[in-house]
$ cat input-v9.cif   # mmCIF, C-alpha atoms and all ligand atoms
data_final
loop_
_atom_site.label_atom_id
_atom_site.label_comp_id
_atom_site.auth_asym_id
_atom_site.auth_seq_id
_atom_site.Cartn_x
_atom_site.Cartn_y
_atom_site.Cartn_z
CA MET A 1 -43.82 86.86 49.46
CA GLU A 2 -46.58 84.42 48.67
CA GLN A 3 -46.52 81.25 50.77
CA THR A 4 -47.46 77.96 49.25
CA GLY A 5 -47.12 74.63 51.05
CA LEU A 6 -44.79 74.12 54.00
CA ASN A 7 -42.17 76.83 54.07
CA LYS A 8 -38.68 75.49 54.69
CA ASN A 9 -37.07 78.92 54.88
CA ALA A 10 -36.86 79.37 58.65
CA SER A 11 -35.42 82.88 58.53
CA SER A 12 -38.43 84.47 56.82
CA THR A 13 -41.27 82.91 58.78
CA LYS A 14 -42.38 82.57 62.37
CA ALA A 15 -44.43 79.85 64.02
CA GLY A 16 -45.32 78.65 67.46
CA PHE A 17 -47.87 77.51 70.01
CA ILE A 18 -49.95 80.01 71.98
CA ALA A 19 -51.89 78.61 74.94
CA LEU A 20 -55.19 80.31 75.78
CA ILE A 21 -55.38 80.12 79.57
CA GLY A 22 -57.95 81.50 81.99
CA ARG A 23 -60.77 80.77 84.39
CA PRO A 24 -63.89 78.94 83.14
CA ASN A 25 -66.13 81.17 81.02
CA ALA A 26 -63.39 83.78 80.37
CA GLY A 27 -64.06 83.58 76.61
CA LYS A 28 -61.09 81.44 75.49
CA SER A 29 -62.95 79.26 72.99
CA THR A 30 -64.94 82.22 71.65
CA LEU A 31 -61.74 84.18 71.03
CA MET A 32 -60.06 81.22 69.32
CA ASN A 33 -63.01 80.79 66.94
CA SER A 34 -63.08 84.51 66.24
CA LEU A 35 -59.34 84.73 65.46
CA LEU A 36 -59.68 81.75 63.12
CA GLY A 37 -62.81 83.14 61.48
CA GLU A 38 -64.48 79.72 61.73
CA LYS A 39 -66.33 78.09 64.57
CA ILE A 40 -64.50 74.90 65.49
CA ALA A 41 -64.54 74.98 69.30
CA MET A 42 -67.66 74.63 71.43
CA VAL A 43 -68.74 77.64 73.46
CA SER A 44 -71.28 78.04 76.23
CA GLN A 45 -72.76 80.62 78.57
CA LYS A 46 -72.19 77.97 81.24
CA ALA A 47 -68.73 77.53 82.75
CA ASN A 48 -66.52 74.46 82.29
CA ALA A 49 -67.59 73.87 78.71
CA THR A 50 -64.20 72.91 77.24
CA ARG A 51 -62.87 69.58 78.48
CA LYS A 52 -59.77 68.96 76.42
CA ARG A 53 -57.19 70.87 74.48
CA SER A 54 -57.91 71.78 70.88
CA ASN A 55 -56.18 74.06 68.44
CA ALA A 56 -56.70 76.57 65.65
CA ILE A 57 -54.03 77.42 63.08
CA VAL A 58 -54.16 81.13 62.25
CA MET A 59 -51.99 82.60 59.49
CA HIS A 60 -51.05 86.24 60.06
CA ASN A 61 -48.60 87.97 57.66
CA SER A 62 -45.74 85.48 57.50
CA ALA A 63 -46.43 83.93 60.91
CA GLN A 64 -48.27 80.74 61.79
CA LEU A 65 -50.01 81.15 65.14
CA ILE A 66 -51.17 77.85 66.59
CA PHE A 67 -53.69 78.72 69.31
CA VAL A 68 -54.30 76.01 71.91
CA ASP A 69 -57.67 76.28 73.63
CA THR A 70 -57.76 74.76 77.13
CA PRO A 71 -60.28 73.95 79.87
CA GLY A 72 -60.72 76.77 82.41
CA LEU A 73 -58.48 76.85 85.48
CA HIS A 74 -60.71 75.59 88.28
CA GLU A 75 -60.71 73.65 91.51
CA LYS A 76 -60.36 69.93 90.98
CA GLU A 77 -62.61 67.20 92.40
CA LYS A 78 -63.54 64.38 90.01
CA VAL A 79 -61.14 62.45 87.76
CA LEU A 80 -62.52 64.37 84.78
CA ASN A 81 -61.92 67.72 86.51
CA GLN A 82 -58.38 66.68 87.35
CA PHE A 83 -57.89 65.77 83.68
CA MET A 84 -59.23 69.20 82.64
CA LEU A 85 -56.89 71.08 84.98
CA ASP A 86 -53.91 68.98 83.88
CA GLU A 87 -54.78 69.75 80.25
CA ALA A 88 -54.51 73.48 80.97
CA LEU A 89 -51.30 73.15 83.00
CA LYS A 90 -49.67 71.00 80.31
CA ALA A 91 -50.59 73.50 77.60
CA MET A 92 -49.02 76.25 79.73
CA GLY A 93 -45.77 74.33 80.01
CA ASP A 94 -45.63 73.23 76.37
CA CYS A 95 -46.24 76.51 74.54
CA ASP A 96 -44.12 79.40 73.28
CA ILE A 97 -46.42 82.12 74.62
CA ILE A 98 -49.39 82.16 76.97
CA VAL A 99 -52.39 84.38 76.41
CA TYR A 100 -53.94 84.82 79.84
CA LEU A 101 -57.59 85.74 79.35
CA ALA A 102 -59.56 87.46 82.07
CA PRO A 103 -62.98 89.05 81.70
CA VAL A 104 -62.63 92.75 82.49
CA THR A 105 -64.90 92.22 85.52
CA ASP A 106 -62.60 89.54 86.99
CA SER A 107 -60.72 90.04 90.24
CA ILE A 108 -56.97 90.68 89.97
CA GLU A 109 -56.46 87.89 92.54
CA ASN A 110 -57.12 85.34 89.82
CA TYR A 111 -54.23 86.80 87.84
CA GLN A 112 -51.96 86.45 90.86
CA LYS A 113 -53.01 82.77 91.12
CA PHE A 114 -52.15 82.34 87.45
CA LEU A 115 -48.68 83.83 88.03
CA ASP A 116 -48.10 81.20 90.73
CA LEU A 117 -49.20 78.42 88.35
CA ASN A 118 -46.88 79.62 85.58
CA GLN A 119 -43.91 77.89 87.14
CA LYS A 120 -41.85 77.74 83.96
CA ARG A 121 -42.33 81.51 83.64
CA VAL A 122 -43.43 81.22 80.03
CA LYS A 123 -43.85 84.71 78.47
CA HIS A 124 -47.44 85.88 78.61
CA ILE A 125 -49.81 88.51 77.31
CA ILE A 126 -52.90 89.55 79.24
CA VAL A 127 -56.10 89.76 77.24
CA LEU A 128 -58.86 91.64 79.05
CA SER A 129 -61.93 90.06 77.51
CA LYS A 130 -65.60 91.06 77.16
CA ILE A 131 -64.79 94.80 77.33
CA ASP A 132 -68.07 95.47 75.51
CA GLN A 133 -69.77 94.73 78.84
CA VAL A 134 -68.29 97.65 80.85
CA SER A 135 -67.80 101.41 80.63
CA GLN A 136 -64.50 102.97 79.52
CA GLU A 137 -63.99 104.17 83.07
CA LYS A 138 -64.20 100.65 84.49
CA LEU A 139 -61.89 99.39 81.77
CA PHE A 140 -59.24 102.02 82.56
CA LYS A 141 -59.46 101.26 86.29
CA LYS A 142 -58.89 97.57 85.60
CA ILE A 143 -55.97 98.27 83.28
CA ALA A 144 -54.37 100.37 86.05
CA GLN A 145 -54.69 97.42 88.46
CA TYR A 146 -52.96 95.06 86.05
CA ASN A 147 -50.29 97.65 85.28
CA GLN A 148 -48.98 97.22 88.82
CA PHE A 149 -47.66 93.91 87.49
CA SER A 150 -46.26 95.34 84.27
CA ASP A 151 -42.86 93.67 84.83
CA GLU A 152 -44.56 90.29 84.58
CA PHE A 153 -46.32 90.53 81.21
CA GLU A 154 -45.32 91.42 77.64
CA ALA A 155 -48.49 93.30 76.74
CA LEU A 156 -52.06 93.95 77.90
CA ILE A 157 -54.70 93.96 75.18
CA PRO A 158 -58.41 94.75 75.70
CA VAL A 159 -60.61 92.56 73.50
CA ALA A 160 -64.29 92.27 72.62
CA VAL A 161 -65.27 89.49 70.27
CA PRO A 162 -68.60 90.87 68.95
CA ARG A 163 -66.88 93.66 66.98
CA LYS A 164 -63.47 91.99 66.83
CA VAL A 165 -61.99 94.73 69.02
CA GLY A 166 -58.29 94.11 69.74
CA HIS A 167 -57.90 91.19 67.32
CA THR A 168 -55.32 92.76 64.98
CA ASP A 169 -53.41 94.23 67.90
CA LEU A 170 -53.28 90.77 69.52
CA LEU A 171 -52.15 89.03 66.33
CA ASN A 172 -49.44 91.67 65.66
CA THR A 173 -48.15 91.42 69.23
CA LEU A 174 -48.03 87.63 69.12
CA GLU A 175 -46.29 87.68 65.74
CA LYS A 176 -43.50 89.83 67.23
CA LEU A 177 -43.05 87.47 70.18
CA LEU A 178 -43.04 84.19 68.25
CA PRO A 179 -39.74 82.50 67.39
CA GLU A 180 -38.46 82.33 63.83
CA SER A 181 -39.41 78.93 62.52
CA PRO A 182 -40.65 77.17 59.42
CA TYR A 183 -44.36 76.56 59.43
CA LEU A 184 -45.33 73.61 61.59
CA TYR A 185 -48.55 72.80 59.70
CA ASP A 186 -49.80 73.25 56.16
CA PRO A 187 -50.92 76.93 56.04
CA GLU A 188 -54.20 75.80 54.45
CA ASP A 189 -55.14 73.75 57.56
CA LEU A 190 -57.55 75.27 60.08
CA THR A 191 -56.71 72.81 62.85
CA SER A 192 -55.00 69.51 63.53
CA GLU A 193 -58.05 68.25 65.45
CA LEU A 194 -59.96 65.20 64.29
CA VAL A 195 -63.31 65.95 62.70
CA ARG A 196 -64.99 63.52 65.15
CA ASP A 197 -63.73 65.57 68.13
CA ILE A 198 -64.97 68.84 66.63
CA TYR A 199 -68.39 67.33 65.90
CA ALA A 200 -68.63 65.78 69.38
CA GLY A 201 -67.97 69.29 70.73
CA PHE A 202 -70.84 70.73 68.70
CA ILE A 203 -73.20 68.05 70.04
CA ARG A 204 -72.04 68.86 73.59
CA GLU A 205 -72.67 72.55 72.85
CA ALA A 206 -76.23 71.70 71.78
CA ILE A 207 -76.72 69.74 75.03
CA PHE A 208 -75.48 72.77 77.03
CA GLU A 209 -78.02 74.94 75.17
CA ASN A 210 -81.01 72.64 75.57
CA VAL A 211 -80.83 71.04 79.02
CA SER A 212 -80.16 72.76 82.29
CA ASP A 213 -78.82 71.86 85.71
CA GLU A 214 -76.31 69.07 86.01
CA ILE A 215 -76.91 67.11 82.79
CA PRO A 216 -74.45 69.10 80.64
CA TYR A 217 -71.76 68.35 83.22
CA GLU A 218 -72.76 64.73 83.71
CA SER A 219 -72.89 63.87 80.02
CA ASP A 220 -70.52 63.39 77.14
CA VAL A 221 -70.64 62.41 73.49
CA PHE A 222 -69.10 59.49 71.68
CA ILE A 223 -69.03 59.46 67.87
CA ASP A 224 -69.73 55.87 66.84
CA LYS A 225 -69.21 56.29 63.10
CA ILE A 226 -69.03 58.86 60.31
CA TYR A 227 -69.30 57.98 56.65
CA GLU A 228 -70.22 59.53 53.35
CA GLU A 229 -73.29 58.31 51.46
CA GLY A 230 -73.77 60.15 48.20
CA LYS A 231 -73.76 63.87 48.99
CA VAL A 232 -74.58 63.33 52.65
CA ASP A 233 -72.21 62.80 55.60
CA LYS A 234 -73.83 60.39 58.05
CA ILE A 235 -72.90 60.68 61.71
CA TYR A 236 -73.97 58.24 64.41
CA ALA A 237 -73.29 59.36 67.97
CA THR A 238 -74.15 58.31 71.52
CA VAL A 239 -74.90 60.74 74.33
CA ILE A 240 -73.63 59.25 77.57
CA ILE A 241 -75.42 60.23 80.75
CA GLU A 242 -74.80 59.38 84.39
CA LYS A 243 -78.24 58.38 85.70
CA GLU A 244 -81.35 56.56 84.48
CA SER A 245 -83.42 59.49 85.86
CA GLN A 246 -81.70 61.86 83.38
CA LYS A 247 -82.95 59.89 80.37
CA PRO A 248 -86.52 61.23 80.25
CA ILE A 249 -85.14 64.78 80.60
CA ILE A 250 -82.63 64.60 77.78
CA VAL A 251 -85.00 62.62 75.52
CA GLY A 252 -88.00 64.88 76.30
CA LYS A 253 -91.68 64.33 75.65
CA GLY A 254 -92.05 62.20 72.53
CA GLY A 255 -88.31 62.66 71.89
CA SER A 256 -88.70 66.44 71.54
CA THR A 257 -85.57 67.46 73.49
CA ILE A 258 -83.15 65.04 71.85
CA LYS A 259 -84.59 66.08 68.46
CA ARG A 260 -83.88 69.74 69.30
CA ILE A 261 -80.34 68.86 70.37
CA GLY A 262 -79.84 66.87 67.16
CA LYS A 263 -81.17 69.65 64.95
CA SER A 264 -79.03 72.32 66.58
CA ALA A 265 -75.89 70.13 66.45
CA ARG A 266 -76.57 69.23 62.81
CA GLN A 267 -76.79 72.91 61.86
CA LYS A 268 -73.49 73.66 63.60
CA ILE A 269 -71.80 70.74 61.80
CA GLU A 270 -73.28 71.80 58.45
CA ALA A 271 -72.02 75.37 58.94
CA LEU A 272 -68.46 74.11 59.29
CA SER A 273 -68.49 71.23 56.80
CA GLN A 274 -70.59 73.03 54.16
CA LYS A 275 -72.16 69.63 53.49
CA GLN A 276 -75.53 68.07 54.10
CA ILE A 277 -75.43 66.13 57.37
CA PHE A 278 -77.54 63.29 58.72
CA LEU A 279 -77.13 63.00 62.49
CA SER A 280 -78.46 60.17 64.62
CA LEU A 281 -78.25 60.43 68.43
CA GLU A 282 -78.68 57.54 70.88
CA VAL A 283 -78.79 58.04 74.64
CA SER A 284 -77.00 55.58 76.91
CA VAL A 285 -76.68 55.49 80.72
CA LYS A 286 -73.23 54.78 82.11
CA LYS A 287 -73.09 55.30 85.85
CA GLY A 288 -69.85 56.81 87.14
CA TRP A 289 -68.42 57.41 83.66
CA SER A 290 -66.64 60.62 84.68
CA LYS A 291 -64.68 58.75 87.37
CA ASP A 292 -63.86 55.71 85.22
CA LYS A 293 -60.34 56.18 83.91
CA ALA A 294 -60.50 53.46 81.23
CA PHE A 295 -63.82 54.77 79.91
CA LEU A 296 -62.55 58.37 79.91
CA GLU A 297 -59.68 57.19 77.70
CA GLU A 298 -62.22 55.69 75.30
CA LEU A 299 -63.85 59.12 75.15
CA GLY A 300 -60.49 60.62 74.20
CA TYR A 301 -59.43 62.03 77.58
CA LYS A 302 -55.85 60.80 77.23
CA GLN A 303 -52.80 62.74 78.32
N1 LIG B 401 -70.28 90.09 75.54
C1 LIG B 401 -69.28 89.25 75.28
N2 LIG B 401 -69.44 87.94 75.56
C2 LIG B 401 -68.40 87.12 75.29
C3 LIG B 401 -67.17 87.58 74.74
N3 LIG B 401 -66.34 86.52 74.64
C4 LIG B 401 -67.02 85.44 75.07
N4 LIG B 401 -68.27 85.78 75.46
C5 LIG B 401 -69.30 84.89 76.02
O1 LIG B 401 -68.80 84.30 77.21
C6 LIG B 401 -69.32 82.98 77.37
C7 LIG B 401 -68.19 81.99 77.62
O2 LIG B 401 -67.41 81.86 76.46
P1 LIG B 401 -66.47 80.61 76.19
O3 LIG B 401 -65.67 80.97 74.98
O4 LIG B 401 -67.23 79.34 76.19
O5 LIG B 401 -65.53 80.66 77.48
P2 LIG B 401 -64.32 79.68 77.84
O6 LIG B 401 -63.26 80.53 78.48
O7 LIG B 401 -63.90 78.90 76.66
O8 LIG B 401 -64.99 78.76 78.96
P3 LIG B 401 -64.58 77.25 79.45
O9 LIG B 401 -64.46 76.39 78.24
O10 LIG B 401 -65.72 76.90 80.32
O11 LIG B 401 -63.29 77.39 80.22
C8 LIG B 401 -70.13 82.68 76.10
O12 LIG B 401 -71.50 82.89 76.39
C9 LIG B 401 -69.60 83.71 75.11
O13 LIG B 401 -70.56 84.06 74.13
C10 LIG B 401 -67.05 88.98 74.46
O14 LIG B 401 -66.02 89.49 74.00
N5 LIG B 401 -68.13 89.76 74.74
MG MG B 402 -63.90 76.87 76.35
#

$ encode --input "input-v9.cif" --output "structure tokens" --more "lines below"
Ligand SMILES: Nc1nc2c(ncn2[C@@H]2O[C@H](COP(=O)(O)OP(=O)(O)OP(=O)(O)O)[C@@H](O)[C@H]2O)c(=O)[nH]1
Ligand SMILES: [Mg+2]
Amino acid sequence: MEQTGLNKNASSTKAGFIALIGRPNAGKSTLMNSLLGEKIAMVSQKANATRKRSNAIVMHNSAQLIFVDTPGLHEKEKVLNQFMLDEALKAMGDCDIIVYLAPVTDSIENYQKFLDLNQKRVKHIIVLSKIDQVSQEKLFKKIAQYNQFSDEFEALIPVAVPRKVGHTDLLNTLEKLLPESPYLYDPEDLTSELVRDIYAGFIREAIFENVSDEIPYESDVFIDKIYEEGKVDKIYATVIIEKESQKPIIVGKGGSTIKRIGKSARQKIEALSQKQIFLSLEVSVKKGWSKDKAFLEELGYKQ
């Protein structure tokens, strides 16, 4: 049956929220982008890239799978880290199904910690990620370890994003587990996120790519304004950093680093929007921003 618009016939469709949960760097955001077939979430080789929940709406047969990407489960220290952990825990409690992602090289102890955190005992699937990085033998050994807990999970699916290994299997399994429901969003929508949040993520991704050490973790991005002028979308954004001493690093000699960040972010935004983009980046120092609750709310860290 062809679906057009919101489907009111609850008996023929399925829909629900699927939280992507796992340690930092497990590959949650990468998998969400890959299942959607569009890059909307920022990704990094460095851990603790994702800071707030975001979602991707994936249509599969007659099911609407709403994937919720979350910050990695990690030890808390700062206000921002506490926010990030709470985001993940809330997503776990609010969803229909959890996909617990663990790189195939990860220790099984982390899975046991996850089981303790899943206090509402929401149904979960294990996704063993990055299986392209190990031999078959190592993969089978790891599967055997997880299988000791087979009463706990609904399915275990090995996945590798580069060749989309395991994607159809994962979507089919999730479709079976989802409740019957009318669609919760327009099937044409890719996400319910605001464009400004997606673009801020791409600018953060470009910062992660271009500056090392602590700056990616001690910075954030605020979109000041976005407007259309002729065929061009104009975006004005501010990069917030923690210390005056970080300014020359992020700006670079003659502005070279901030220009590189801007160019890379612009290309990522253009790839998604399919429009010509003008991006202007300012740098502003705000000491202690990641511990300032009111300012964090301004940046969109609201629960
Ligand atoms: N080889 C390989 N690399 C992968 C795969 N999936 C993700 N990666 C890489 O793993 C790194 C981390 O990916 P992310 O998607 O940012 O991980 P995350 O779980 O969202 O991390 P946080 O947001 O920090 O919690 C990136 O460099 C990805 O390119 C995979 O299937 N194979
Ligand atoms: Mg992420």

$ axis_aligned_box --input "input-v9.cif" --around "range 221-230 of chain A" --padding-each-side "5 Å" --output "AutoDock Vina command-line options"
--center_x -71.4 --center_y 59.1 --center_z 60.8 --size_x 14.7 --size_y 16.5 --size_z 35.3

$ atom_distance --input "input-v9.cif" --atom1 "CA of Tyr185 in chain A" --atom2 "CA of Ala91 in chain A"
18.0 Å

$ residues_near_point --input "input-v9.cif" --point "(-55.1, 93.0, 77.1)" --cutoff "12 Å" --atoms "all atoms listed in the file" --output "compact mmCIF listing (two decimals) with C-alpha atoms, in the frame of the given file"
# COMPACT_ATOMS: atom_id res chain seq x y z
CA VAL A 99 -52.39 84.38 76.41
CA TYR A 100 -53.94 84.82 79.84
CA LEU A 101 -57.59 85.74 79.35
CA ALA A 102 -59.56 87.46 82.07
CA PRO A 103 -62.98 89.05 81.70
CA VAL A 104 -62.63 92.75 82.49
CA HIS A 124 -47.44 85.88 78.61
CA ILE A 125 -49.81 88.51 77.31
CA ILE A 126 -52.90 89.55 79.24
CA VAL A 127 -56.10 89.76 77.24
CA LEU A 128 -58.86 91.64 79.05
CA SER A 129 -61.93 90.06 77.51
CA LYS A 130 -65.60 91.06 77.16
CA ILE A 131 -64.79 94.80 77.33
CA LEU A 139 -61.89 99.39 81.77
CA PHE A 140 -59.24 102.02 82.56
CA LYS A 142 -58.89 97.57 85.60
CA ILE A 143 -55.97 98.27 83.28
CA ALA A 144 -54.37 100.37 86.05
CA TYR A 146 -52.96 95.06 86.05
CA ASN A 147 -50.29 97.65 85.28
CA SER A 150 -46.26 95.34 84.27
CA PHE A 153 -46.32 90.53 81.21
CA GLU A 154 -45.32 91.42 77.64
CA ALA A 155 -48.49 93.30 76.74
CA LEU A 156 -52.06 93.95 77.90
CA ILE A 157 -54.70 93.96 75.18
CA PRO A 158 -58.41 94.75 75.70
CA VAL A 159 -60.61 92.56 73.50
CA ALA A 160 -64.29 92.27 72.62
CA VAL A 165 -61.99 94.73 69.02
CA GLY A 166 -58.29 94.11 69.74
CA HIS A 167 -57.90 91.19 67.32
CA ASP A 169 -53.41 94.23 67.90
CA LEU A 170 -53.28 90.77 69.52
CA LEU A 171 -52.15 89.03 66.33
CA THR A 173 -48.15 91.42 69.23
CA LEU A 174 -48.03 87.63 69.12

$ residues_near_ligand --input "input-v9.cif" --ligand "ligand MG 402 (chain B)" --cutoff "9 Å" --atoms "only C-alpha atoms and all ligand atoms" --output "PyMOL selection string"
chain A and resi 24-30+41-44+47-52+69-72

$ residues_around --input "input-v9.cif" --residues "Leu296 in chain A" --least-positions-apart "4" --cutoff "12 Å" --atoms "only C-alpha atoms" --output "list in words"
Arg51, Lys52, Lys78, Val79, Leu80, Asn81, Gln82, Phe83, Met84, Ser219, Asp220, Val221, Phe222, Ile240, Lys286, Gly288, Trp289, Ser290, Lys291, Asp292, Gly300, Tyr301, Lys302 and Gln303 of chain A

$ atom_distance --input "input-v9.cif" --atom1 "CA of Lys247 in chain A" --atom2 "CA of Arg196 in chain A"
23.8 Å

$ closest_residue --input "input-v9.cif" --among "A:Ile98, A:Met59, A:Ile108, A:Val211" --to "Leu190 in chain A" --atoms "all atoms listed in the file"
A:Met59

$ closest_residue --input "input-v9.cif" --among "A:Leu73, A:Leu35, A:Ile18, A:Ile57" --to "ligand LIG 401 (chain B)" --atoms "all atoms listed in the file"
A:Leu73

$ closest_atom_pairs --input "input-v9.cif" --of "range 181-222 of chain A" --to "range 248-267 of chain A" --cutoff "10 Å" --atoms "all atoms listed in the file" --output "tab-separated table"
residue	atom	partner	partner_atom	distance
A:Tyr199	CA	A:Ala265	CA	8.0
A:Ala200	CA	A:Ala265	CA	9.0
A:Gly201	CA	A:Ala265	CA	9.0
A:Phe202	CA	A:Ala265	CA	5.6
A:Ile203	CA	A:Ala265	CA	4.9
A:Arg204	CA	A:Ala265	CA	8.2
A:Glu205	CA	A:Ala265	CA	7.6
A:Ala206	CA	A:Ile261	CA	5.2
A:Ile207	CA	A:Ile261	CA	6.0
A:Phe208	CA	A:Ile261	CA	9.1
A:Glu209	CA	A:Ile261	CA	8.1
A:Asn210	CA	A:Ile261	CA	6.5
A:Val211	CA	A:Ile250	CA	6.8
A:Ser212	CA	A:Ile249	CA	9.6
A:Ile215	CA	A:Ile250	CA	8.0
A:Pro216	CA	A:Ile250	CA	9.8

$ closest_residue --input "input-v9.cif" --among "A:Asp116, A:Glu87, A:Glu228, A:Glu152" --to "ligand LIG 401 (chain B)" --atoms "only C-alpha atoms and all ligand atoms"
A:Glu87

$ closest_residue --input "input-v9.cif" --among "A:Gly16, A:Pro162, A:Gly37, A:Pro182" --to "ligand LIG 401 (chain B)" --atoms "all atoms listed in the file"
A:Pro162

$ atom_distance --input "input-v9.cif" --atom1 "CA of Thr105 in chain A" --atom2 "CA of Arg163 in chain A"
18.7 Å

$ closest_residue --input "input-v9.cif" --among "A:Ser181, A:Ser54, A:Ser192, A:Gln246" --to "ligand LIG 401 (chain B)" --atoms "all atoms listed in the file"
A:Ser54

$ closest_residue --input "input-v9.cif" --among "A:Met92, A:Val161, A:Ala63, A:Lys138" --to "ligand LIG 401 (chain B)" --atoms "only C-alpha atoms and all ligand atoms"
A:Val161
